[in-house]
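A.B. asks: The structure file input39.txt (compact mmCIF, C-alpha atoms) is provided below.
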# COMPACT_ATOMS: atom_id res chain seq x y z
CA MET A 1 213.79 266.26 105.49
CA LYS A 2 210.19 266.66 106.74
CA GLY A 3 208.97 264.45 103.91
CA LYS A 4 211.45 261.69 104.82
CA VAL A 5 210.37 261.84 108.48
CA GLY A 6 206.72 261.69 107.40
CA ILE A 7 207.32 258.69 105.16
CA GLY A 8 209.33 257.02 107.91
CA MET A 9 206.52 257.56 110.42
CA LEU A 10 203.97 256.25 107.95
CA LEU A 11 206.02 253.12 107.25
CA TRP A 12 206.53 252.61 110.98
CA ALA A 13 202.77 252.90 111.62
CA ILE A 14 202.05 250.41 108.81
CA LEU A 15 204.66 248.00 110.19
CA ILE A 16 203.19 248.19 113.72
CA THR A 17 199.65 247.73 112.39
CA VAL A 18 200.57 244.74 110.23
CA SER A 19 202.53 243.20 113.11
CA HIS A 20 199.57 243.70 115.46
CA ILE A 21 197.19 242.01 113.03
CA GLN A 22 199.62 239.17 112.43
CA LEU A 23 200.50 238.57 116.07
CA ASN A 24 197.38 239.53 118.01
CA LEU A 25 194.34 239.62 115.77
CA GLY A 26 194.79 237.24 112.86
CA TRP A 27 193.99 238.00 109.23
CA SER A 28 190.94 235.74 109.06
CA SER A 29 189.48 237.47 112.11
CA LEU A 30 190.09 240.87 110.50
CA ARG A 31 188.51 239.76 107.21
CA LYS A 32 185.45 238.54 109.16
CA GLU A 33 185.12 241.80 111.12
CA VAL A 34 185.34 243.81 107.90
CA ALA A 35 182.77 241.55 106.20
CA ILE A 36 180.37 242.06 109.12
CA MET A 37 180.97 245.83 109.08
CA THR A 38 180.30 246.04 105.36
CA GLY A 39 177.23 243.82 105.59
CA GLU A 40 178.73 241.02 103.47
CA GLN A 41 178.48 238.58 106.37
CA ARG A 42 176.10 238.17 109.30
CA GLU A 43 177.27 238.46 112.89
CA GLU A 44 177.79 234.99 114.29
CA LEU A 45 177.79 233.60 117.80
CA ILE A 46 178.72 229.99 118.44
CA ILE A 47 177.17 228.44 121.52
CA GLY A 48 178.53 225.22 122.92
CA PHE A 49 176.43 222.53 124.52
CA LEU A 50 176.75 219.14 126.07
CA PRO A 51 173.61 217.22 125.21
CA VAL A 52 173.38 215.94 128.76
CA THR A 53 172.92 217.06 132.31
CA MET B 54 164.66 225.87 108.84
CA THR B 55 165.82 229.46 109.39
CA LYS B 56 169.32 229.62 110.82
CA HIS B 57 169.49 233.30 111.64
CA SER B 58 167.50 235.56 113.92
CA ASP B 59 164.94 238.16 112.84
CA GLU B 60 167.75 240.71 113.20
CA GLY B 61 169.96 238.69 110.85
CA SER B 62 172.58 237.41 113.29
CA LEU B 63 173.71 233.82 113.05
CA PHE B 64 173.53 231.66 116.15
CA SER B 65 175.05 228.25 115.72
CA SER B 66 175.59 225.45 118.19
CA LYS B 67 178.61 223.26 118.73
CA LYS B 68 178.39 219.94 120.47
CA PHE B 69 180.96 219.00 123.10
CA THR B 70 181.45 215.70 124.86
CA ASP B 71 183.43 216.70 127.93
CA TRP B 72 183.76 219.66 130.28
CA PRO B 73 187.54 220.32 130.02
CA THR B 74 187.18 220.90 126.27
CA VAL B 75 184.32 223.33 126.92
CA LYS B 76 186.52 225.25 129.35
CA GLU B 77 189.35 225.43 126.78
CA ALA B 78 186.93 226.55 124.04
CA LEU B 79 185.72 229.41 126.24
CA ILE B 80 189.22 230.51 127.17
CA SER B 81 190.44 230.37 123.55
CA LYS B 82 187.27 232.23 122.43
CA GLU B 83 186.35 229.43 120.06
CA ILE B 84 182.80 229.72 121.41
CA GLY B 85 180.96 232.75 122.75
CA GLY B 86 178.97 230.92 125.35
CA VAL B 87 177.79 227.55 126.49
CA PHE B 88 174.97 225.79 128.25
CA ILE B 89 176.73 224.42 131.28
CA LEU B 90 176.05 222.89 134.70
CA ALA B 91 175.31 225.63 137.23
CA PRO B 92 177.94 224.62 139.85
CA LEU B 93 180.52 224.15 137.08
CA ALA B 94 179.93 227.73 135.92
CA MET B 95 180.61 228.90 139.49
CA GLN B 96 183.81 226.83 139.69
CA LEU B 97 185.02 228.16 136.32
CA VAL B 98 184.65 231.69 137.69
CA ALA B 99 186.40 230.63 140.90
CA ASP B 100 189.22 229.38 138.62
CA GLY B 101 189.45 232.81 136.97
CA VAL B 102 187.64 232.11 133.68
CA PRO B 103 185.93 235.41 132.69
CA ILE B 104 182.34 234.29 132.09
CA LYS B 105 178.91 235.22 133.42
CA VAL B 106 175.68 233.30 133.84
CA VAL B 107 173.14 235.34 131.88
CA TYR B 108 170.12 233.07 131.67
CA LEU B 109 168.87 229.56 132.48
CA GLY B 110 168.33 226.73 130.05
CA HIS B 111 165.16 225.43 131.69
CA ARG B 112 163.58 224.76 135.07
CA ASP B 113 163.10 221.22 136.47
CA GLY B 114 163.41 218.41 133.91
CA THR B 115 165.40 216.07 136.15
CA GLY B 116 164.27 212.83 137.75
CA ILE B 117 165.51 210.21 140.19
CA VAL B 118 164.91 206.89 138.46
CA VAL B 119 164.91 203.36 139.91
CA GLY B 120 164.03 199.93 138.54
CA LYS B 121 160.36 199.44 137.73
CA ASP B 122 160.04 196.41 140.01
CA SER B 123 162.57 197.49 142.63
CA PRO B 124 161.46 197.75 146.27
CA ILE B 125 162.66 201.38 146.38
CA ASN B 126 159.65 203.56 147.11
CA ASP B 127 161.08 206.66 148.78
CA PHE B 128 164.40 208.44 149.25
CA GLY B 129 165.16 206.54 152.47
CA ASP B 130 165.14 203.28 150.50
CA LEU B 131 168.19 204.53 148.58
CA ARG B 132 170.34 203.93 151.68
CA GLY B 133 173.19 201.58 150.73
CA LYS B 134 172.34 201.74 147.03
CA VAL B 135 174.49 202.70 144.04
CA ILE B 136 173.10 205.79 142.31
CA ALA B 137 174.58 207.33 139.16
CA ILE B 138 175.01 211.10 138.90
CA PRO B 139 176.00 213.01 135.73
CA SER B 140 178.98 214.79 137.29
CA ARG B 141 180.16 215.93 140.68
CA TYR B 142 179.65 219.46 139.33
CA ALA B 143 176.02 218.76 138.43
CA ASN B 144 173.26 220.28 140.49
CA GLN B 145 171.86 216.74 140.54
CA ASN B 146 174.79 215.81 142.83
CA ILE B 147 173.96 218.74 145.07
CA LEU B 148 170.30 217.74 145.15
CA MET B 149 171.24 214.22 146.32
CA HIS B 150 173.23 215.73 149.20
CA LYS B 151 170.40 218.16 150.00
CA MET B 152 167.97 215.23 150.18
CA MET B 153 170.37 213.24 152.38
CA ASP B 154 170.44 216.23 154.74
CA GLU B 155 166.65 216.40 154.77
CA TRP B 156 166.30 212.66 155.42
CA GLY B 157 168.97 212.71 158.15
CA MET B 158 171.26 210.42 156.18
CA PRO B 159 175.06 210.70 156.31
CA TYR B 160 176.67 211.56 152.97
CA ASP B 161 178.26 208.13 152.66
CA SER B 162 174.92 206.35 152.98
CA ILE B 163 174.43 206.38 149.20
CA ASP B 164 177.17 205.33 146.79
CA LEU B 165 177.09 208.16 144.22
CA ARG B 166 178.98 207.33 141.02
CA GLU B 167 179.71 209.66 138.11
CA LEU B 168 178.50 208.21 134.84
CA PRO B 169 177.88 209.87 131.45
CA PRO B 170 174.11 210.48 131.29
CA PRO B 171 173.47 208.50 128.07
CA GLU B 172 174.81 205.44 129.92
CA HIS B 173 172.46 205.82 132.91
CA PRO B 174 169.45 203.94 131.49
CA ILE B 175 171.44 200.96 130.22
CA ALA B 176 173.38 200.76 133.50
CA LEU B 177 170.09 200.53 135.38
CA GLN B 178 168.69 198.00 132.95
CA THR B 179 171.75 195.73 133.29
CA GLY B 180 171.74 196.02 137.07
CA SER B 181 175.12 197.70 137.48
CA ILE B 182 173.43 200.56 139.38
CA ASP B 183 170.29 200.71 141.51
CA GLY B 184 169.13 204.06 140.21
CA TYR B 185 170.19 207.33 138.69
CA ILE B 186 169.50 211.02 138.75
CA VAL B 187 169.76 212.81 135.45
CA GLY B 188 168.32 215.45 133.19
CA GLU B 189 165.83 214.57 130.49
CA PRO B 190 165.36 212.73 128.24
CA PHE B 191 167.33 210.03 130.03
CA ALA B 192 164.95 209.81 132.99
CA ALA B 193 162.03 209.31 130.62
CA LYS B 194 164.00 206.75 128.62
CA ALA B 195 163.68 204.10 131.37
CA GLU B 196 159.97 204.87 131.74
CA VAL B 197 159.20 204.73 128.04
CA ASP B 198 161.24 201.55 127.53
CA GLY B 199 159.42 199.94 130.45
CA PHE B 200 162.21 199.06 132.86
CA GLY B 201 162.28 202.07 135.17
CA LYS B 202 160.08 204.34 137.22
CA VAL B 203 160.60 207.92 138.28
CA LEU B 204 160.89 207.97 142.07
CA TYR B 205 160.86 211.76 142.18
CA HIS B 206 160.62 214.57 139.69
CA THR B 207 162.61 217.59 140.82
CA LYS B 208 159.46 219.71 140.64
CA ASP B 209 158.25 217.73 143.67
CA ILE B 210 161.42 217.82 145.79
CA TRP B 211 163.24 221.01 144.73
CA PRO B 212 160.68 223.11 142.81
CA GLU B 213 162.07 225.27 140.01
CA PHE B 214 165.24 223.14 139.98
CA ILE B 215 168.14 224.61 138.00
CA SER B 216 170.28 222.28 135.94
CA CYS B 217 171.94 223.96 132.96
CA VAL B 218 172.64 227.65 132.70
CA MET B 219 173.64 229.87 129.81
CA VAL B 220 177.08 231.39 130.29
CA VAL B 221 178.68 233.99 128.03
CA ARG B 222 182.23 235.31 127.86
CA GLN B 223 182.73 238.61 129.67
CA ASP B 224 184.37 240.25 126.63
CA LEU B 225 181.23 239.58 124.59
CA ILE B 226 179.10 241.17 127.30
CA ASP B 227 181.38 244.20 127.26
CA GLU B 228 181.88 244.53 123.50
CA ARG B 229 178.91 242.88 121.74
CA ARG B 230 176.13 243.44 124.19
CA GLU B 231 173.42 243.72 121.49
CA LEU B 232 174.32 240.29 120.14
CA VAL B 233 174.08 238.71 123.60
CA GLN B 234 170.76 240.48 124.21
CA GLU B 235 169.45 239.18 120.88
CA MET B 236 170.36 235.63 121.88
CA ILE B 237 168.81 235.88 125.35
CA ASP B 238 165.63 237.38 123.87
CA GLY B 239 165.52 234.45 121.45
CA ILE B 240 165.81 231.90 124.26
CA ALA B 241 163.14 233.73 126.28
CA LYS B 242 160.77 233.90 123.30
CA SER B 243 161.31 230.20 122.56
CA GLY B 244 160.58 229.30 126.20
CA LYS B 245 157.44 231.41 126.29
CA TRP B 246 156.27 229.84 123.03
CA LEU B 247 156.94 226.31 124.37
CA ASP B 248 155.07 226.87 127.62
CA GLU B 249 151.99 228.56 126.16
CA ASP B 250 150.58 225.65 124.15
CA MET B 251 151.02 221.85 124.27
CA GLN B 252 150.87 221.72 120.48
CA HIS B 253 153.95 223.94 120.39
CA ARG B 254 155.76 221.43 122.58
CA MET B 255 154.79 218.57 120.29
CA ASP B 256 156.06 220.57 117.30
CA ALA B 257 159.33 221.23 119.08
CA ALA B 258 159.71 217.54 119.94
CA GLU B 259 159.40 216.62 116.26
CA VAL B 260 161.94 219.20 115.10
CA THR B 261 164.54 218.85 117.85
CA ALA B 262 164.40 215.04 117.79
CA LYS B 263 165.44 215.12 114.16
CA HIS B 264 167.85 218.04 114.05
CA TYR B 265 169.47 218.30 117.46
CA TYR B 266 169.03 215.45 119.91
CA PHE B 267 168.79 212.48 117.53
CA GLN B 268 166.29 210.91 119.92
CA SER B 269 162.90 209.45 119.19
CA PRO B 270 160.22 212.16 118.85
CA GLU B 271 157.95 210.01 121.03
CA LEU B 272 160.51 210.11 123.85
CA LEU B 273 160.75 213.90 123.68
CA LYS B 274 156.96 214.20 123.51
CA HIS B 275 156.78 212.10 126.69
CA VAL B 276 159.30 214.43 128.37
CA LEU B 277 157.36 217.52 127.34
CA SER B 278 153.93 216.28 128.32
CA LYS B 279 153.94 213.60 131.04
CA PRO B 280 153.32 215.49 133.19
CA GLU B 281 153.10 218.87 131.51
CA ASP B 282 155.17 220.58 134.22
CA ARG B 283 157.94 217.95 134.11
CA VAL B 284 160.19 220.54 132.50
CA LYS B 285 159.53 224.27 132.15
CA TYR B 286 160.97 226.95 129.90
CA THR B 287 159.78 230.10 131.61
CA ASN B 288 161.03 231.79 134.80
CA LEU B 289 164.54 231.58 133.33
CA ALA B 290 166.01 234.69 134.93
CA PRO B 291 169.03 233.88 137.12
CA LEU B 292 167.75 234.72 140.59
CA GLN B 293 170.29 235.36 143.33
CA GLU B 294 168.29 233.51 145.97
CA ASP B 295 168.32 230.28 143.89
CA PHE B 296 172.01 230.55 143.06
CA ASP B 297 173.06 231.39 146.61
CA GLU B 298 171.41 228.19 147.80
CA ILE B 299 173.21 226.12 145.14
CA MET B 300 176.54 227.85 145.83
CA GLU B 301 176.35 227.31 149.61
CA LEU B 302 175.44 223.63 149.21
CA ALA B 303 178.16 223.13 146.59
CA PHE B 304 180.75 224.73 148.85
CA LYS B 305 179.56 222.70 151.85
CA ILE B 306 180.04 219.35 150.07
CA GLY B 307 183.39 220.38 148.57
CA VAL B 308 182.33 220.80 144.94
CA LEU B 309 183.37 224.46 144.97
CA SER B 310 186.88 225.36 146.03
CA ARG B 311 185.67 228.68 147.50
CA ARG B 312 182.50 230.67 147.99
CA VAL B 313 181.68 232.76 144.92
CA ALA B 314 179.50 235.86 145.19
CA PHE B 315 176.50 236.05 142.84
CA LYS B 316 177.77 239.24 141.16
CA GLU B 317 181.09 237.50 140.38
CA TYR B 318 179.49 234.88 138.17
CA ALA B 319 176.05 236.22 137.16
CA ASP B 320 174.73 239.13 135.12
CA ASP B 321 170.93 239.42 135.15
CA SER B 322 170.84 242.67 133.17
CA PHE B 323 169.77 240.90 129.95
CA VAL B 324 166.51 239.64 131.43
CA ARG B 325 163.44 241.35 129.94
CA PRO B 326 159.79 240.90 130.98
CA LEU B 327 158.18 238.15 128.92
CA ASP B 328 155.21 240.34 128.01
CA GLN B 329 157.65 242.47 125.98
CA LEU B 330 158.77 239.45 123.97
CA ASP B 331 156.80 237.49 121.43
CA TRP B 332 157.69 235.23 118.57
CA GLY B 333 154.46 235.96 116.72
CA MET B 334 154.43 232.43 115.36
CA ASP B 335 151.99 229.59 115.89
CA ARG B 336 153.43 226.39 114.41
CA LEU B 337 157.04 225.59 113.54
CA PRO B 338 157.80 225.60 109.82
CA ARG B 339 158.68 222.21 108.33
CA GLU B 340 160.98 221.34 105.46
CA GLY B 341 159.17 221.75 102.19
CA GLY B 342 157.21 224.73 103.43
CA GLY B 343 154.43 222.78 105.17
CA GLN B 344 153.15 223.48 108.65
Write out the structure in this file as structure tokens.
C.D. replies:
Amino acid sequence: MKGKVGIGMLLWAILITVSHIQLNLGWSSLRKEVAIMTGEQREELIIGFLPVT
Amino acid sequence: MTKHSDEGSLFSSKKFTDWPTVKEALISKEIGGVFILAPLAMQLVADGVPIKVVYLGHRDGTGIVVGKDSPINDFGDLRGKVIAIPSRYANQNILMHKMMDEWGMPYDSIDLRELPPPEHPIALQTGSIDGYIVGEPFAAKAEVDGFGKVLYHTKDIWPEFISCVMVVRQDLIDERRELVQEMIDGIAKSGKWLDEDMQHRMDAAEVTAKHYYFQSPELLKHVLSKPEDRVKYTNLAPLQEDFDEIMELAFKIGVLSRRVAFKEYADDSFVRPLDQLDWGMDRLPREGGGQ
């Protein structure tokens, strides 16, 4: 019984995590964050400009 | 040309052509920050957009331009004339109202018309306006092409004039502070490098003309040298006293919908003393490895 509850909780946690990434974060954003964390990609900051004042 | 900082972070630029799109890009987090008109940054904060002014783009670098052979010789001669401004949210608009106050002129004594800055010189040349106030290089354009004269440089009428400011999203300030600091340090180092040697300015004119502004290098060299203090890249810390003056004037003439406190829209905690920052570089590298 304990094992079933544990598996259920694990599946529930995975479901919530996947849903959060899908709905709130986005997979491409996650891939980028991981790449930066692992040093595969540089941190990037995009700055907008209007070439006029 | 190196596209990343000494620390390895990538800083890339994205060109926009109108302000509403910039606002949307900030809200949607498509961009981390933007060089933007100072009063517009205040209004965005008044509208609830979570951004902060963290640094300035430059000081001065704006001129009031009239026709070369026009009888306009001082600000009072602009009475009854049509003068182009870049935007109602531009500090250039606020400067025109400040000058009208100083000259005892009612606000309707000059017909101020919003016009995209690249169109200012041609509008003057064709006679559809009597003059314009704009940031460089469009003031210099009329001078260099021989049909306009600078009536006033801002350095002579509002010293240390602020035009564009660097704004950054609040979530970046909270969560990626080191990255923001790295960027501000880079801007500060670039400004210090530009202002310490005229040869550096000439180098910068060559490189930016080709890669960023798509203007003639000679035009940018004119901007950066005639006179030398036409535009400055040091003293770029956002100072409350300067911003309070802009904010009060902007509110007075109806550009701002409400007064905005300095701490609401500015964060000066990224400013470091210039003597702690150095690029350690003399000339800009060129393609092919030459100097």
A.B. asks: Atom CA of Val107 of chain B to atom CA of Gln293 of chain B: how many Å, to one decimal?
C.D. replies: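 These atoms are spaced 11.8 Å apart.
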A.B. asks: Could you list, as a list of chain:residue names, the residues of chain B having an atom within 6 Å of chain A when counting all atoms listed in the file?
C.D. replies: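 My answer is B:Ser62, B:Leu63, B:Phe64, B:Ser65, B:Ser66, B:Lys67, B:Lys68, B:Phe69, B:Thr70, B:Ile84, B:Gly85, B:Gly86, B:Val87, B:Phe88, B:Gly188.
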A.B. asks: Pick the closest to Glu213 of chain B from B:Tyr142, B:Tyr185, B:Phe296, B:Trp156: which is it, counting all atoms listed in the file?
C.D. replies: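 Closest candidate: B:Phe296.
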A.B. asks: As an exercise, work out the distance from atom CA of Gly201 of chain B to atom CA of His173 of chain B in Å and give it to one decimal place.
C.D. replies: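 Computed distance, atom CA of Gly201 of chain B to atom CA of His173 of chain B, equals 11.1 Å.
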A.B. asks: In Å, how far is it from atom CA of Thr287 of chain B to atom CA of Val102 of chain B?
C.D. replies: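 Computing the Euclidean distance for atom CA of Thr287 of chain B and atom CA of Val102 of chain B yields 28.0 Å.
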A.B. asks: Would you place a box with edges along x, y and z of the file around all atoms of segment 104-110 of chain B listed there, add 8 Å to each of its six sides, and report the centre and edge lengths in Å to one decimal, as lines of an AutoDock Vina configuration file?
C.D. replies:
center_x = 175.3
center_y = 231.0
center_z = 131.9
size_x = 30.0
size_y = 24.6
size_z = 19.8
A.B. asks: Skipping near chain neighbours, those fewer than 5 positions away, what residues fall within 8 Å of segment 13-21 of chain A using all atoms listed in the file, listed as a list of chain:residue names?
C.D. replies: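 Skipping anything fewer than 5 positions along the chain leaves A:Gly26, A:Trp27, A:Leu30.
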